[in-house]
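Enquirer: So here's protein_23.cif (mmCIF, N, CA and C atoms).
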```cif
data_coords
loop_
_atom_site.label_atom_id
_atom_site.label_comp_id
_atom_site.auth_asym_id
_atom_site.auth_seq_id
_atom_site.Cartn_x
_atom_site.Cartn_y
_atom_site.Cartn_z
N MET A 1 -24.89 15.14 4.87
CA MET A 1 -23.85 15.30 3.88
C MET A 1 -22.81 14.20 4.08
N GLY A 2 -22.27 13.78 2.96
CA GLY A 2 -21.22 12.78 2.99
C GLY A 2 -19.99 13.29 2.26
N THR A 3 -18.89 12.59 2.41
CA THR A 3 -17.66 12.94 1.73
C THR A 3 -17.32 11.85 0.74
N CYS A 4 -17.04 12.23 -0.50
CA CYS A 4 -16.72 11.26 -1.55
C CYS A 4 -15.41 10.57 -1.22
N THR A 5 -15.40 9.25 -1.30
CA THR A 5 -14.22 8.48 -1.00
C THR A 5 -13.13 8.69 -2.04
N TYR A 6 -13.49 9.03 -3.27
CA TYR A 6 -12.50 9.19 -4.34
C TYR A 6 -11.95 10.61 -4.41
N CYS A 7 -12.82 11.62 -4.51
CA CYS A 7 -12.35 12.99 -4.73
C CYS A 7 -12.39 13.86 -3.47
N GLY A 8 -13.12 13.44 -2.43
CA GLY A 8 -13.16 14.20 -1.19
C GLY A 8 -14.19 15.31 -1.15
N ARG A 9 -15.02 15.43 -2.19
CA ARG A 9 -16.04 16.48 -2.22
C ARG A 9 -17.20 16.12 -1.31
N ASN A 10 -17.86 17.12 -0.74
CA ASN A 10 -19.07 16.89 0.06
C ASN A 10 -20.26 16.76 -0.88
N PHE A 11 -21.17 15.83 -0.56
CA PHE A 11 -22.36 15.62 -1.37
C PHE A 11 -23.48 15.11 -0.49
N PRO A 12 -24.74 15.34 -0.90
CA PRO A 12 -25.87 14.86 -0.09
C PRO A 12 -25.97 13.34 -0.18
N LEU A 13 -26.13 12.69 0.96
CA LEU A 13 -26.23 11.24 0.99
C LEU A 13 -27.62 10.78 0.55
N THR A 14 -27.65 9.82 -0.32
CA THR A 14 -28.89 9.14 -0.70
C THR A 14 -28.61 7.65 -0.64
N ARG A 15 -29.61 6.85 -0.93
CA ARG A 15 -29.39 5.40 -0.92
C ARG A 15 -28.50 4.99 -2.08
N ALA A 16 -28.58 5.72 -3.21
CA ALA A 16 -27.78 5.37 -4.38
C ALA A 16 -26.33 5.83 -4.24
N THR A 17 -26.11 6.94 -3.56
CA THR A 17 -24.76 7.46 -3.42
C THR A 17 -24.36 7.44 -1.96
N ARG A 18 -23.63 6.43 -1.58
CA ARG A 18 -23.19 6.32 -0.19
C ARG A 18 -21.70 6.61 -0.03
N LYS A 19 -20.89 6.25 -1.02
CA LYS A 19 -19.45 6.43 -0.90
C LYS A 19 -18.89 7.44 -1.90
N TYR A 20 -19.53 7.56 -3.07
CA TYR A 20 -19.00 8.40 -4.14
C TYR A 20 -20.04 9.43 -4.55
N CYS A 21 -19.57 10.63 -4.94
CA CYS A 21 -20.50 11.70 -5.26
C CYS A 21 -21.14 11.50 -6.63
N THR A 22 -20.45 10.88 -7.58
CA THR A 22 -20.99 10.65 -8.92
C THR A 22 -20.59 9.26 -9.39
N PRO A 23 -21.29 8.72 -10.39
CA PRO A 23 -20.87 7.44 -10.96
C PRO A 23 -19.47 7.52 -11.57
N ARG A 24 -19.07 8.70 -12.05
CA ARG A 24 -17.72 8.84 -12.61
C ARG A 24 -16.66 8.61 -11.53
N CYS A 25 -16.87 9.16 -10.35
CA CYS A 25 -15.93 8.94 -9.25
C CYS A 25 -15.89 7.46 -8.87
N ARG A 26 -17.04 6.81 -8.88
CA ARG A 26 -17.08 5.39 -8.56
C ARG A 26 -16.29 4.59 -9.59
N THR A 27 -16.44 4.92 -10.87
CA THR A 27 -15.71 4.23 -11.94
C THR A 27 -14.21 4.48 -11.81
N ASN A 28 -13.83 5.73 -11.58
CA ASN A 28 -12.41 6.04 -11.44
C ASN A 28 -11.80 5.35 -10.22
N ALA A 29 -12.57 5.24 -9.14
CA ALA A 29 -12.07 4.56 -7.95
C ALA A 29 -11.85 3.08 -8.26
N CYS A 30 -12.73 2.49 -9.06
CA CYS A 30 -12.55 1.09 -9.43
C CYS A 30 -11.30 0.91 -10.29
N LEU A 31 -11.01 1.87 -11.16
CA LEU A 31 -9.84 1.77 -12.03
C LEU A 31 -8.54 1.97 -11.25
N ASP A 32 -8.58 2.74 -10.17
CA ASP A 32 -7.38 3.04 -9.40
C ASP A 32 -7.14 2.09 -8.24
N ARG A 33 -7.91 1.03 -8.12
CA ARG A 33 -7.76 0.13 -6.98
C ARG A 33 -6.38 -0.52 -7.00
N LYS A 34 -5.87 -0.74 -5.81
CA LYS A 34 -4.61 -1.43 -5.65
C LYS A 34 -4.89 -2.89 -5.36
N PRO A 35 -4.03 -3.78 -5.81
CA PRO A 35 -4.29 -5.20 -5.54
C PRO A 35 -4.25 -5.49 -4.05
N ARG A 36 -5.18 -6.31 -3.59
CA ARG A 36 -5.26 -6.63 -2.17
C ARG A 36 -4.60 -7.96 -1.85
N ARG A 37 -4.24 -8.69 -2.86
CA ARG A 37 -3.65 -10.00 -2.63
C ARG A 37 -2.19 -10.00 -3.06
N ILE A 38 -1.43 -10.88 -2.46
CA ILE A 38 -0.02 -11.03 -2.82
C ILE A 38 0.07 -12.03 -3.97
N ARG A 39 0.91 -11.70 -4.95
CA ARG A 39 1.08 -12.60 -6.09
C ARG A 39 1.72 -13.90 -5.63
N ALA A 40 1.49 -14.98 -6.38
CA ALA A 40 2.03 -16.30 -6.02
C ALA A 40 3.55 -16.29 -6.03
N ALA A 41 4.16 -15.58 -6.97
CA ALA A 41 5.62 -15.50 -7.03
C ALA A 41 6.17 -14.80 -5.79
N ASP A 42 5.45 -13.80 -5.29
CA ASP A 42 5.88 -13.12 -4.07
C ASP A 42 5.76 -14.03 -2.86
N VAL A 43 4.72 -14.84 -2.81
CA VAL A 43 4.56 -15.79 -1.71
C VAL A 43 5.71 -16.79 -1.72
N ASP A 44 6.09 -17.30 -2.90
CA ASP A 44 7.22 -18.22 -3.00
C ASP A 44 8.51 -17.55 -2.53
N ALA A 45 8.71 -16.29 -2.91
CA ALA A 45 9.92 -15.58 -2.49
C ALA A 45 9.93 -15.37 -0.98
N ILE A 46 8.77 -15.08 -0.39
CA ILE A 46 8.68 -14.90 1.07
C ILE A 46 8.98 -16.22 1.78
N LEU A 47 8.46 -17.32 1.27
CA LEU A 47 8.72 -18.62 1.90
C LEU A 47 10.20 -18.97 1.81
N ARG A 48 10.84 -18.68 0.66
CA ARG A 48 12.29 -18.92 0.54
C ARG A 48 13.06 -18.03 1.51
N LEU A 49 12.61 -16.79 1.71
CA LEU A 49 13.26 -15.88 2.64
C LEU A 49 13.13 -16.39 4.08
N ILE A 50 11.99 -16.91 4.43
CA ILE A 50 11.78 -17.45 5.78
C ILE A 50 12.67 -18.66 6.02
N ASP A 51 12.83 -19.51 5.01
CA ASP A 51 13.65 -20.71 5.15
C ASP A 51 15.15 -20.40 5.15
N SER A 52 15.56 -19.27 4.59
CA SER A 52 16.99 -18.95 4.51
C SER A 52 17.52 -18.42 5.84
N ASP A 53 18.83 -18.44 5.97
CA ASP A 53 19.47 -17.88 7.15
C ASP A 53 19.77 -16.42 6.90
N VAL A 54 19.23 -15.56 7.74
CA VAL A 54 19.43 -14.12 7.62
C VAL A 54 20.24 -13.65 8.82
N ASP A 55 21.23 -12.79 8.57
CA ASP A 55 22.13 -12.36 9.63
C ASP A 55 21.47 -11.45 10.67
N SER A 56 20.60 -10.55 10.22
CA SER A 56 20.00 -9.60 11.18
C SER A 56 18.54 -9.34 10.81
N ALA A 57 17.84 -8.76 11.76
CA ALA A 57 16.43 -8.43 11.53
C ALA A 57 16.30 -7.32 10.49
N GLU A 58 17.26 -6.37 10.48
CA GLU A 58 17.21 -5.29 9.50
C GLU A 58 17.35 -5.81 8.09
N LEU A 59 18.24 -6.78 7.90
CA LEU A 59 18.42 -7.38 6.58
C LEU A 59 17.16 -8.13 6.16
N PHE A 60 16.54 -8.84 7.11
CA PHE A 60 15.29 -9.55 6.82
C PHE A 60 14.19 -8.57 6.41
N ARG A 61 14.07 -7.46 7.16
CA ARG A 61 13.06 -6.45 6.82
C ARG A 61 13.32 -5.85 5.45
N ALA A 62 14.56 -5.57 5.13
CA ALA A 62 14.90 -4.97 3.84
C ALA A 62 14.56 -5.93 2.70
N ARG A 63 14.89 -7.21 2.86
CA ARG A 63 14.56 -8.19 1.81
C ARG A 63 13.05 -8.37 1.67
N LEU A 64 12.34 -8.40 2.80
CA LEU A 64 10.89 -8.54 2.77
C LEU A 64 10.24 -7.34 2.10
N ARG A 65 10.72 -6.14 2.41
CA ARG A 65 10.20 -4.92 1.79
C ARG A 65 10.47 -4.92 0.29
N ALA A 66 11.64 -5.42 -0.13
CA ALA A 66 11.97 -5.49 -1.55
C ALA A 66 11.05 -6.46 -2.29
N ILE A 67 10.59 -7.51 -1.61
CA ILE A 67 9.68 -8.47 -2.24
C ILE A 67 8.28 -7.88 -2.35
N LEU A 68 7.78 -7.33 -1.25
CA LEU A 68 6.39 -6.87 -1.21
C LEU A 68 6.18 -5.54 -1.90
N VAL A 69 7.10 -4.60 -1.75
CA VAL A 69 6.94 -3.26 -2.33
C VAL A 69 8.22 -2.90 -3.08
N PRO A 70 8.39 -3.46 -4.30
CA PRO A 70 9.61 -3.15 -5.04
C PRO A 70 9.63 -1.68 -5.45
N GLY A 71 10.81 -1.09 -5.38
CA GLY A 71 10.94 0.31 -5.76
C GLY A 71 10.58 1.29 -4.67
N SER A 72 10.32 0.80 -3.46
CA SER A 72 9.99 1.71 -2.37
C SER A 72 11.27 2.30 -1.79
N PRO A 73 11.17 3.48 -1.18
CA PRO A 73 12.37 4.07 -0.59
C PRO A 73 12.85 3.27 0.61
N GLN A 74 14.13 3.30 0.84
CA GLN A 74 14.73 2.58 1.96
C GLN A 74 14.39 3.28 3.27
N VAL A 75 14.03 2.53 4.28
CA VAL A 75 13.71 3.08 5.60
C VAL A 75 15.00 3.14 6.40
N VAL A 76 15.26 4.29 7.00
CA VAL A 76 16.48 4.50 7.78
C VAL A 76 16.09 4.84 9.22
N VAL A 77 16.78 4.26 10.18
CA VAL A 77 16.54 4.56 11.59
C VAL A 77 17.68 5.45 12.08
N GLU A 78 17.33 6.69 12.45
CA GLU A 78 18.31 7.64 12.95
C GLU A 78 17.93 8.08 14.35
N SER A 79 18.79 7.83 15.28
CA SER A 79 18.61 8.19 16.69
C SER A 79 17.23 7.80 17.22
N GLY A 80 16.81 6.57 16.92
CA GLY A 80 15.55 6.06 17.44
C GLY A 80 14.31 6.43 16.64
N ARG A 81 14.46 7.27 15.61
CA ARG A 81 13.32 7.67 14.77
C ARG A 81 13.43 7.01 13.41
N VAL A 82 12.31 6.59 12.87
CA VAL A 82 12.27 6.00 11.53
C VAL A 82 12.14 7.13 10.52
N VAL A 83 13.05 7.16 9.55
CA VAL A 83 13.06 8.20 8.53
C VAL A 83 12.90 7.54 7.17
N ILE A 84 11.86 7.95 6.42
CA ILE A 84 11.64 7.44 5.06
C ILE A 84 11.98 8.56 4.10
N PRO A 85 12.98 8.37 3.24
CA PRO A 85 13.36 9.45 2.32
C PRO A 85 12.23 9.77 1.35
N ARG A 86 12.15 11.04 0.95
CA ARG A 86 11.13 11.47 0.00
C ARG A 86 11.54 11.04 -1.40
N MET A 87 10.54 10.78 -2.25
CA MET A 87 10.80 10.31 -3.60
C MET A 87 11.01 11.45 -4.58
N ASP A 88 10.70 12.71 -4.22
CA ASP A 88 10.79 13.81 -5.18
C ASP A 88 12.12 14.46 -5.21
#
```
Rewrite the structure of this file - the entire thing - as C-alpha cells.

Expert:
Amino acid sequence: MGTCTYCGRNFPLTRATRKYCTPRCRTNACLDRKPRRIRAADVDAILRLIDSDVDSAELFRARLRAILVPGSPQVVVESGRVVIPRMD
C-alpha cells in the first residue's frame, strides 16, 4: 500500500501509480505546484539588499523575508523562542 502525495489516501501500489492514487490527484497536484525558482526581479532585489548597508541582522532578515515571501507573517523572537503569528 502507498499513500497519495496529493490527498493522503492509501492505495495499492502499481507501476502506473507510484505517487498519486488517481490521475485526477496527479493533475490537481500539477495545478497546485509552487514555483521552485526565484523570479529575476527578486534576485535583483536580493543583490541590492546584499550590497546595501543594513544596521542589524534582524532588519536584514525582515527585508529578505519581504522579498522572498511577500505577505508572510512577521517572525517574533520572545524569550529565546521564535513565534510566528497565526494568519486566521

Enquirer: Between atom N of Cys7 in chain A and atom N of Pro70 in chain A, measure the distance and give it in Å to one decimal.

Expert: 26.0 Å

Enquirer: In Å, how far is it from atom N of Asp51 in chain A to atom C of Arg81 in chain A?

Expert: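 Result for atom N of Asp51 in chain A versus atom C of Arg81 in chain A: 27.8 Å, one decimal.
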
Enquirer: Between A:Val82, A:Ala62, A:Ala57, A:Ile67, which is the closest to Ala45 in chain A once you count all atoms listed in the file?

Expert: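 That would be A:Ile67, the residue with the smallest distance to Ala45 in chain A.
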
Enquirer: Taking only N, CA and C atoms into account, name the residue in A:Glu78, A:Met1, A:Arg63, A:Arg26 that is nearest to Thr14 in chain A.

Expert: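 When distances to Thr14 in chain A are compared using only N, CA and C atoms, the smallest one comes from A:Met1.
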
Enquirer: Evaluate the PyMOL selection byres ((chain A and resi 19) around 7) and record the selected residues as a list in words, following the chain and residue labels used in the document.

Expert: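 Residues picked by the PyMOL selection byres ((chain A and resi 19) around 7): Thr3, Cys4, Thr5, Tyr6, Ala16, Thr17, Arg18, Tyr20, Cys21 and Thr22 of chain A.
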
Enquirer: Generate the output file for the selected residues, N, CA and C atoms, as a PDB file, keeping the file's coordinate frame.

Expert:
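As written to disk, part24.pdb reads:
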```
ATOM      1  N   THR A   3     -18.890  12.590   2.410  1.00  0.00           N
ATOM      2  CA  THR A   3     -17.660  12.940   1.730  1.00  0.00           C
ATOM      3  C   THR A   3     -17.320  11.850   0.740  1.00  0.00           C
ATOM      4  N   CYS A   4     -17.040  12.230  -0.500  1.00  0.00           N
ATOM      5  CA  CYS A   4     -16.720  11.260  -1.550  1.00  0.00           C
ATOM      6  C   CYS A   4     -15.410  10.570  -1.220  1.00  0.00           C
ATOM      7  N   THR A   5     -15.400   9.250  -1.300  1.00  0.00           N
ATOM      8  CA  THR A   5     -14.220   8.480  -1.000  1.00  0.00           C
ATOM      9  C   THR A   5     -13.130   8.690  -2.040  1.00  0.00           C
ATOM     10  N   TYR A   6     -13.490   9.030  -3.270  1.00  0.00           N
ATOM     11  CA  TYR A   6     -12.500   9.190  -4.340  1.00  0.00           C
ATOM     12  C   TYR A   6     -11.950  10.610  -4.410  1.00  0.00           C
ATOM     13  N   ALA A  16     -28.580   5.720  -3.210  1.00  0.00           N
ATOM     14  CA  ALA A  16     -27.780   5.370  -4.380  1.00  0.00           C
ATOM     15  C   ALA A  16     -26.330   5.830  -4.240  1.00  0.00           C
ATOM     16  N   THR A  17     -26.110   6.940  -3.560  1.00  0.00           N
ATOM     17  CA  THR A  17     -24.760   7.460  -3.420  1.00  0.00           C
ATOM     18  C   THR A  17     -24.360   7.440  -1.960  1.00  0.00           C
ATOM     19  N   ARG A  18     -23.630   6.430  -1.580  1.00  0.00           N
ATOM     20  CA  ARG A  18     -23.190   6.320  -0.190  1.00  0.00           C
ATOM     21  C   ARG A  18     -21.700   6.610  -0.030  1.00  0.00           C
ATOM     22  N   TYR A  20     -19.530   7.560  -3.070  1.00  0.00           N
ATOM     23  CA  TYR A  20     -19.000   8.400  -4.140  1.00  0.00           C
ATOM     24  C   TYR A  20     -20.040   9.430  -4.550  1.00  0.00           C
ATOM     25  N   CYS A  21     -19.570  10.630  -4.940  1.00  0.00           N
ATOM     26  CA  CYS A  21     -20.500  11.700  -5.260  1.00  0.00           C
ATOM     27  C   CYS A  21     -21.140  11.500  -6.630  1.00  0.00           C
ATOM     28  N   THR A  22     -20.450  10.880  -7.580  1.00  0.00           N
ATOM     29  CA  THR A  22     -20.990  10.650  -8.920  1.00  0.00           C
ATOM     30  C   THR A  22     -20.590   9.260  -9.390  1.00  0.00           C
TER      31      THR A  22
END
```

Enquirer: Among chain A, which residues carry a DSSP assignment of strand (DSSP E), reported as an NGL selection string?

Expert: :A and (2-3 or 10-11 or 76-78 or 81-83)

Enquirer: For Leu49 in chain A, which residue out of A:Leu64, A:Cys30, A:Val76, A:Pro23 is the nearest one, using only N, CA and C atoms?

Expert: A:Leu64

Enquirer: To one decimal place, how far is atom N of Gly8 in chain A from CA of Leu31 in chain A in Å?

Expert: 15.5 Å
